[in-house]
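*Asks:* One structure coming up, written as structure tokens, with questions to follow.
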Amino acid sequence: MSVKHALLSLLEQEPMYGYQLRQEFEARTGGTWPLNVGQVYTTLTRLERDGLVEPAAHDETAGPDGDDATRTATQTQVRYRLTDAGRDEVATWFTTPVTRSQPARDELAIKLALAVTVPGVDVGTLIQRQRSASMQALQDYTRLKRQAGGEQERADLAWGLVLDSLVFAAEAEIRWLDHCEARLRRAAREGSAAGGAR
Amino acid sequence: MSTKATAPVLRLTDVHRVHGDGEAAVHALRGVSFTAYAGELVAVMGPSGSGKSTLLTIAGGLDQPTSGSVEVEGTDLVGLSHAERARTRRTSVGYVFQGFNLVPALTAAENVALPRELDGVRSGEARRDALAALEEVGIADLADRFPDDMSGGQQQRVAIARAIVGERRLVLADEPTGALDTETGEEILRLLRARCDAGAAGVLVTHEARHAAWADRVVFLRDGVVVDESGSAPVDDLLEAGHA
Ligand SMILES: Nc1ncnc2c1ncn2[C@@H]1O[C@H](COP(=O)(O)OP(=O)(O)OP(=O)(O)O)[C@@H](O)[C@H]1O
Ligand SMILES: [Mg+2]
């Protein structure tokens, strides 16, 4: 996930302190991907170095050329705002599709690929267990959705959409498992019809 | 859930259903046991042909098991006469069919009032019940429209109103989200869920995991056999820094 772009886009709204950025990020994503404070400040330091953000007010103790240790100590008192370059970066981010050039390593897909090739694995049971577990997660997300009340607040709407994303991903996993099961059954039928040839 | 202490609204015990006989016999259900308690929504999932609709029609008294027992609120449907079974079905059970099954010549309100009138309720009262049910599913304003003049989602709401009219204790729904878009499908689930939260027992047949996830329990059917069940864990275990 791009912490950099998330922080930059939050600053588009108004200048903020580091702790505020973290709060705002979690309000919108329901704490699904917790950010630690250290991560926020390291990112801000890098963004400032790259000229994408700058201190909003110049009443801080550390000057812009202070060393890193004192910067970190005083960073908590700094409100950051976007520079023009930062604003351009945000605009570019929102208008560029997320690329998934290299599929993320998916443990389940890998496990199944191995299960169907390694001898002696009960693939049917593997699939059913996984489906129950994924179903359980899906039920839990759905319960969170039911609890999340109205969507009057923009941040609640954002969190609702993040939850939906988790819901659809879990659903896709279950559909894929159903599909694997159906294909394996067909392969088994055809295999036995063809005299057990692979 | 504390509702477990009460008797189940629906209890199927070792139900078998064989369609046809001899060479052509199809063993649609092979020893299915299944319960649904008051306040509970149970989803049934499984591939096409696994016996989901068969299970539901038997639970609703629309079809008879070859062997096994089917109890609705403590009454074994199998022992009843045809007329008695029809009566139980009308008064206790609401059924949403795969495909909406509305009567095209009747308005929405008339469709919904139909089971009440069959119950022997006077037509003024039946209409009042129908309007209340239509209100509950959010389409009170369409009461006097005919099914053909409604969208699929609206027709489905009418079908649901018909299944819940007059305080049914058991609501059975076969693919009620059929061809609806994701948001409309979700609203249908919210309605079923609300009905169960208000005390009914619900059984939902669906092939969409996203919709099954609204249930308290999900039962998986394969070739007429229940192969697994998934319950539910406390929400707090799910997301550490949860939103709650
Ligand atoms: N009246 C009937 N006569 C003969 N066979 C039947 C009859 N009704 C159902 N079957 C068979 O019983 C099995 C289970 O059918 P059922 O309709 O319960 O499946 P289902 O799980 O609801 O499938 P779908 O997801 O396609 O709706 C199938 O093999 C079907 O062909
Ligand atoms: Mg069916």
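Every chain in the structure tokens has a letter given in the order shown (A, B, ...), and although residue numbers restart at 1 in each chain, ligands are simply numbered from 1 in the order shown.
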Residues of chain A within 10 Å of chain B, counting only C-alpha atoms, what are they? List them as a PDB file with C-alpha atoms, in the first residue's frame.

*Replies:*
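Contents of result-v2.pdb, as written:
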```pdb
ATOM      1  CA  GLU A  26      -7.866   5.022  10.178  1.00  0.00           C
ATOM      2  CA  ALA A  27     -11.246   6.742  10.329  1.00  0.00           C
ATOM      3  CA  THR A  29     -10.383   2.607   6.537  1.00  0.00           C
ATOM      4  CA  GLY A  30     -11.757   1.400   9.868  1.00  0.00           C
ATOM      5  CA  GLY A  31      -8.351   0.392  11.157  1.00  0.00           C
ATOM      6  CA  THR A  32      -8.185  -2.387   8.589  1.00  0.00           C
ATOM      7  CA  TRP A  33      -4.605  -1.486   7.763  1.00  0.00           C
ATOM      8  CA  PRO A  34      -3.205   0.041  10.951  1.00  0.00           C
ATOM      9  CA  THR A 125     -11.284 -31.699   2.358  1.00  0.00           C
ATOM     10  CA  GLN A 128     -14.144 -27.545   2.061  1.00  0.00           C
ATOM     11  CA  ARG A 129     -12.179 -26.469   5.150  1.00  0.00           C
ATOM     12  CA  ARG A 131     -14.442 -22.561   2.149  1.00  0.00           C
ATOM     13  CA  SER A 132     -15.843 -22.761   5.676  1.00  0.00           C
ATOM     14  CA  ALA A 133     -13.053 -20.538   6.954  1.00  0.00           C
ATOM     15  CA  SER A 134     -13.540 -17.990   4.180  1.00  0.00           C
ATOM     16  CA  MET A 135     -17.291 -18.114   4.742  1.00  0.00           C
ATOM     17  CA  GLN A 136     -16.694 -17.415   8.405  1.00  0.00           C
ATOM     18  CA  ALA A 137     -14.622 -14.349   7.548  1.00  0.00           C
ATOM     19  CA  LEU A 138     -17.310 -13.222   5.138  1.00  0.00           C
ATOM     20  CA  GLN A 139     -19.974 -13.599   7.828  1.00  0.00           C
ATOM     21  CA  ASP A 140     -17.839 -11.556  10.195  1.00  0.00           C
ATOM     22  CA  TYR A 141     -17.322  -8.748   7.682  1.00  0.00           C
ATOM     23  CA  THR A 142     -21.038  -8.756   6.997  1.00  0.00           C
ATOM     24  CA  ARG A 143     -21.772  -8.419  10.698  1.00  0.00           C
ATOM     25  CA  LEU A 144     -19.412  -5.434  10.857  1.00  0.00           C
ATOM     26  CA  LYS A 145     -21.326  -3.967   7.943  1.00  0.00           C
ATOM     27  CA  ARG A 146     -24.618  -4.419   9.722  1.00  0.00           C
ATOM     28  CA  GLN A 147     -23.214  -2.702  12.796  1.00  0.00           C
ATOM     29  CA  ALA A 148     -21.765   0.194  10.858  1.00  0.00           C
ATOM     30  CA  ASP A 156     -18.288   6.225   7.482  1.00  0.00           C
ATOM     31  CA  TRP A 159     -15.116   2.693   5.801  1.00  0.00           C
ATOM     32  CA  ASP A 164     -17.335  -3.979   0.848  1.00  0.00           C
ATOM     33  CA  VAL A 167     -16.533  -8.704   1.354  1.00  0.00           C
ATOM     34  CA  PHE A 168     -16.103  -8.950  -2.405  1.00  0.00           C
ATOM     35  CA  ALA A 169     -12.583 -10.336  -2.059  1.00  0.00           C
ATOM     36  CA  ALA A 170     -13.760 -13.072   0.325  1.00  0.00           C
ATOM     37  CA  GLU A 171     -16.649 -13.836  -1.990  1.00  0.00           C
ATOM     38  CA  ALA A 172     -14.295 -14.121  -4.944  1.00  0.00           C
ATOM     39  CA  GLU A 173     -12.176 -16.562  -2.981  1.00  0.00           C
ATOM     40  CA  ILE A 174     -15.215 -18.735  -2.216  1.00  0.00           C
ATOM     41  CA  ARG A 175     -16.361 -18.656  -5.831  1.00  0.00           C
ATOM     42  CA  ASP A 178     -16.338 -23.702  -5.787  1.00  0.00           C
ATOM     43  CA  HIS A 179     -14.893 -23.510  -9.259  1.00  0.00           C
ATOM     44  CA  GLU A 181     -13.987 -28.164  -6.725  1.00  0.00           C
ATOM     45  CA  ALA A 182     -16.176 -28.449  -9.817  1.00  0.00           C
TER      46      ALA A 182
END
```

*Asks:* Mind listing the residues within 9 Å of ligand 1, only C-alpha atoms and all ligand atoms counted, as a ChimeraX atom specification?

*Replies:* /B:17-20,24-29,45-57,98,174-175,205-207,221-224

*Asks:* Could you take the residues named above and write them with C-alpha atoms, as a compact mmCIF listing (two decimals), in the first residue's frame?

*Replies:*
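Writing the result to part_3.txt gives the following:
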```txt
# COMPACT_ATOMS: atom_id res chain seq x y z
CA ARG B 17 -36.14 -37.76 -1.00
CA VAL B 18 -36.03 -40.00 -4.04
CA HIS B 19 -37.54 -38.64 -7.24
CA GLY B 20 -38.86 -41.34 -9.57
CA ALA B 24 -34.37 -43.36 -13.32
CA ALA B 25 -34.49 -42.75 -9.54
CA VAL B 26 -32.73 -39.60 -8.37
CA HIS B 27 -31.68 -39.54 -4.73
CA ALA B 28 -32.03 -35.79 -4.19
CA LEU B 29 -31.62 -35.85 -0.39
CA MET B 45 -25.35 -23.30 -0.24
CA GLY B 46 -24.36 -25.91 -2.76
CA PRO B 47 -23.83 -26.52 -6.44
CA SER B 48 -26.71 -26.80 -8.87
CA GLY B 49 -28.54 -30.09 -8.37
CA SER B 50 -27.25 -30.63 -4.82
CA GLY B 51 -30.82 -30.68 -3.45
CA LYS B 52 -31.31 -27.14 -2.12
CA SER B 53 -34.75 -26.53 -3.63
CA THR B 54 -35.83 -30.04 -2.71
CA LEU B 55 -34.84 -29.36 0.89
CA LEU B 56 -36.75 -26.11 0.95
CA THR B 57 -39.95 -27.42 -0.64
CA GLN B 98 -36.89 -19.33 -7.16
CA ASP B 174 -35.10 -19.89 -2.67
CA GLU B 175 -32.55 -17.67 -4.43
CA VAL B 205 -31.02 -20.85 -0.37
CA THR B 206 -28.39 -19.02 -2.36
CA HIS B 207 -25.32 -19.65 -4.43
CA LEU B 221 -25.00 -29.33 0.63
CA ARG B 222 -23.29 -31.73 -1.77
CA ASP B 223 -25.17 -34.46 -3.62
CA GLY B 224 -28.02 -34.44 -1.12
```

*Asks:* If you measure from CA of Glu24 (chain A) to CA of Thr95 (chain A), what distance in Å do you get, rounded to one decimal?

*Replies:*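 Taking CA of Glu24 (chain A) and CA of Thr95 (chain A), their separation equals 21.9 Å.
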
*Asks:* Quick one: distance from CA of Ala86 (chain B) to CA of Leu170 (chain B) in Å, one decimal?

*Replies:* 14.4 Å

*Asks:* Using CA of Ala43 (chain B) and CA of Val203 (chain B) as the two end points, give the distance in Å to one decimal.

*Replies:*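 According to the coordinates, CA of Ala43 (chain B) and CA of Val203 (chain B) are separated by 5.7 Å.
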
*Asks:* Looking at B:Ala163, B:Val72, B:Ser67, B:Gly99, which one is nearest to ligand 2, with distances taken over only C-alpha atoms and all ligand atoms?

*Replies:*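 Of B:Ala163, B:Val72, B:Ser67, B:Gly99, the one nearest ligand 2 is B:Gly99, counting only C-alpha atoms and all ligand atoms.
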
*Asks:* Run DSSP on the backbone and grab whatever in chain A lands in alpha helix (DSSP H); send it over as a PyMOL selection string.

*Replies:* chain A and resi 3-13+18-29+37-49+68-75+84-95+107-115+123-147+154-193

*Asks:* Near Gln156 (chain B), within 9 Å and counting only C-alpha atoms, which residues show up once chain neighbours fewer than 3 positions away are dropped, as JSON, numbers by chain?

*Replies:* {"B": [96, 99, 100, 151, 152, 153, 159, 160, 161, 176, 177, 178, 180, 188]}

*Asks:* For Glu14 (chain A), find every residue with an atom within 10 Å (counting only C-alpha atoms), except residues of its own chain fewer than 2 positions away, and show them as a ChimeraX atom specification.

*Replies:* /A:9-12,16,56,79-82

*Asks:* With a distance cut-off of 12 Å and only C-alpha atoms, select the neighbouring residues of Thr117 (chain A), excluding the residue or stretch itself and same-chain residues fewer than 6 positions from it, and output the selection as a list in words.

*Replies:*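 Non-adjacent residues within range: Ile110, Lys111, Val123, Leu184 and Arg198 of chain A.
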
*Asks:* Write a file of the selected residues as a PDB file, in the first residue's frame, keeping all heavy atoms.

*Replies:*
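File written: out_23.pdb
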```
ATOM      1  N   ILE A 110      -1.219 -21.040  -4.230  1.00  0.00           N
ATOM      2  CA  ILE A 110      -0.002 -21.861  -4.266  1.00  0.00           C
ATOM      3  C   ILE A 110      -0.251 -23.198  -3.571  1.00  0.00           C
ATOM      4  O   ILE A 110       0.114 -24.265  -4.065  1.00  0.00           O
ATOM      5  CB  ILE A 110       1.166 -21.105  -3.584  1.00  0.00           C
ATOM      6  CG1 ILE A 110       1.525 -19.862  -4.430  1.00  0.00           C
ATOM      7  CG2 ILE A 110       2.377 -22.012  -3.425  1.00  0.00           C
ATOM      8  CD1 ILE A 110       2.459 -18.897  -3.736  1.00  0.00           C
ATOM      9  N   LYS A 111      -0.951 -23.125  -2.420  1.00  0.00           N
ATOM     10  CA  LYS A 111      -1.239 -24.343  -1.670  1.00  0.00           C
ATOM     11  C   LYS A 111      -2.052 -25.317  -2.525  1.00  0.00           C
ATOM     12  O   LYS A 111      -1.777 -26.507  -2.582  1.00  0.00           O
ATOM     13  CB  LYS A 111      -2.010 -23.991  -0.393  1.00  0.00           C
ATOM     14  CG  LYS A 111      -2.155 -25.159   0.569  1.00  0.00           C
ATOM     15  CD  LYS A 111      -3.145 -24.867   1.669  1.00  0.00           C
ATOM     16  CE  LYS A 111      -2.463 -24.320   2.904  1.00  0.00           C
ATOM     17  NZ  LYS A 111      -3.369 -24.319   4.075  1.00  0.00           N
ATOM     18  N   VAL A 123      -7.606 -33.206  -1.415  1.00  0.00           N
ATOM     19  CA  VAL A 123      -7.886 -31.863  -1.914  1.00  0.00           C
ATOM     20  C   VAL A 123      -9.327 -31.438  -1.604  1.00  0.00           C
ATOM     21  O   VAL A 123      -9.599 -30.284  -1.292  1.00  0.00           O
ATOM     22  CB  VAL A 123      -7.624 -31.764  -3.433  1.00  0.00           C
ATOM     23  CG1 VAL A 123      -7.783 -30.328  -3.907  1.00  0.00           C
ATOM     24  CG2 VAL A 123      -6.227 -32.256  -3.755  1.00  0.00           C
ATOM     25  N   LEU A 184     -12.151 -30.113 -10.384  1.00  0.00           N
ATOM     26  CA  LEU A 184     -11.500 -31.331  -9.910  1.00  0.00           C
ATOM     27  C   LEU A 184     -12.426 -32.534 -10.034  1.00  0.00           C
ATOM     28  O   LEU A 184     -12.005 -33.625 -10.395  1.00  0.00           O
ATOM     29  CB  LEU A 184     -11.050 -31.159  -8.459  1.00  0.00           C
ATOM     30  CG  LEU A 184      -9.800 -30.293  -8.286  1.00  0.00           C
ATOM     31  CD1 LEU A 184      -9.648 -29.838  -6.844  1.00  0.00           C
ATOM     32  CD2 LEU A 184      -8.567 -31.071  -8.750  1.00  0.00           C
ATOM     33  N   ARG A 198      -3.879 -39.741 -16.562  1.00  0.00           N
ATOM     34  CA  ARG A 198      -3.812 -38.338 -16.137  1.00  0.00           C
ATOM     35  C   ARG A 198      -3.908 -37.418 -17.328  1.00  0.00           C
ATOM     36  O   ARG A 198      -3.025 -37.435 -18.144  1.00  0.00           O
ATOM     37  CB  ARG A 198      -2.479 -38.088 -15.459  1.00  0.00           C
ATOM     38  CG  ARG A 198      -2.583 -38.414 -13.996  1.00  0.00           C
ATOM     39  CD  ARG A 198      -2.079 -37.233 -13.235  1.00  0.00           C
ATOM     40  NE  ARG A 198      -1.741 -37.591 -11.875  1.00  0.00           N
ATOM     41  CZ  ARG A 198      -2.045 -36.783 -10.873  1.00  0.00           C
ATOM     42  NH1 ARG A 198      -2.694 -35.691 -11.072  1.00  0.00           N
ATOM     43  NH2 ARG A 198      -1.680 -37.091  -9.668  1.00  0.00           N
TER      44      ARG A 198
END
```
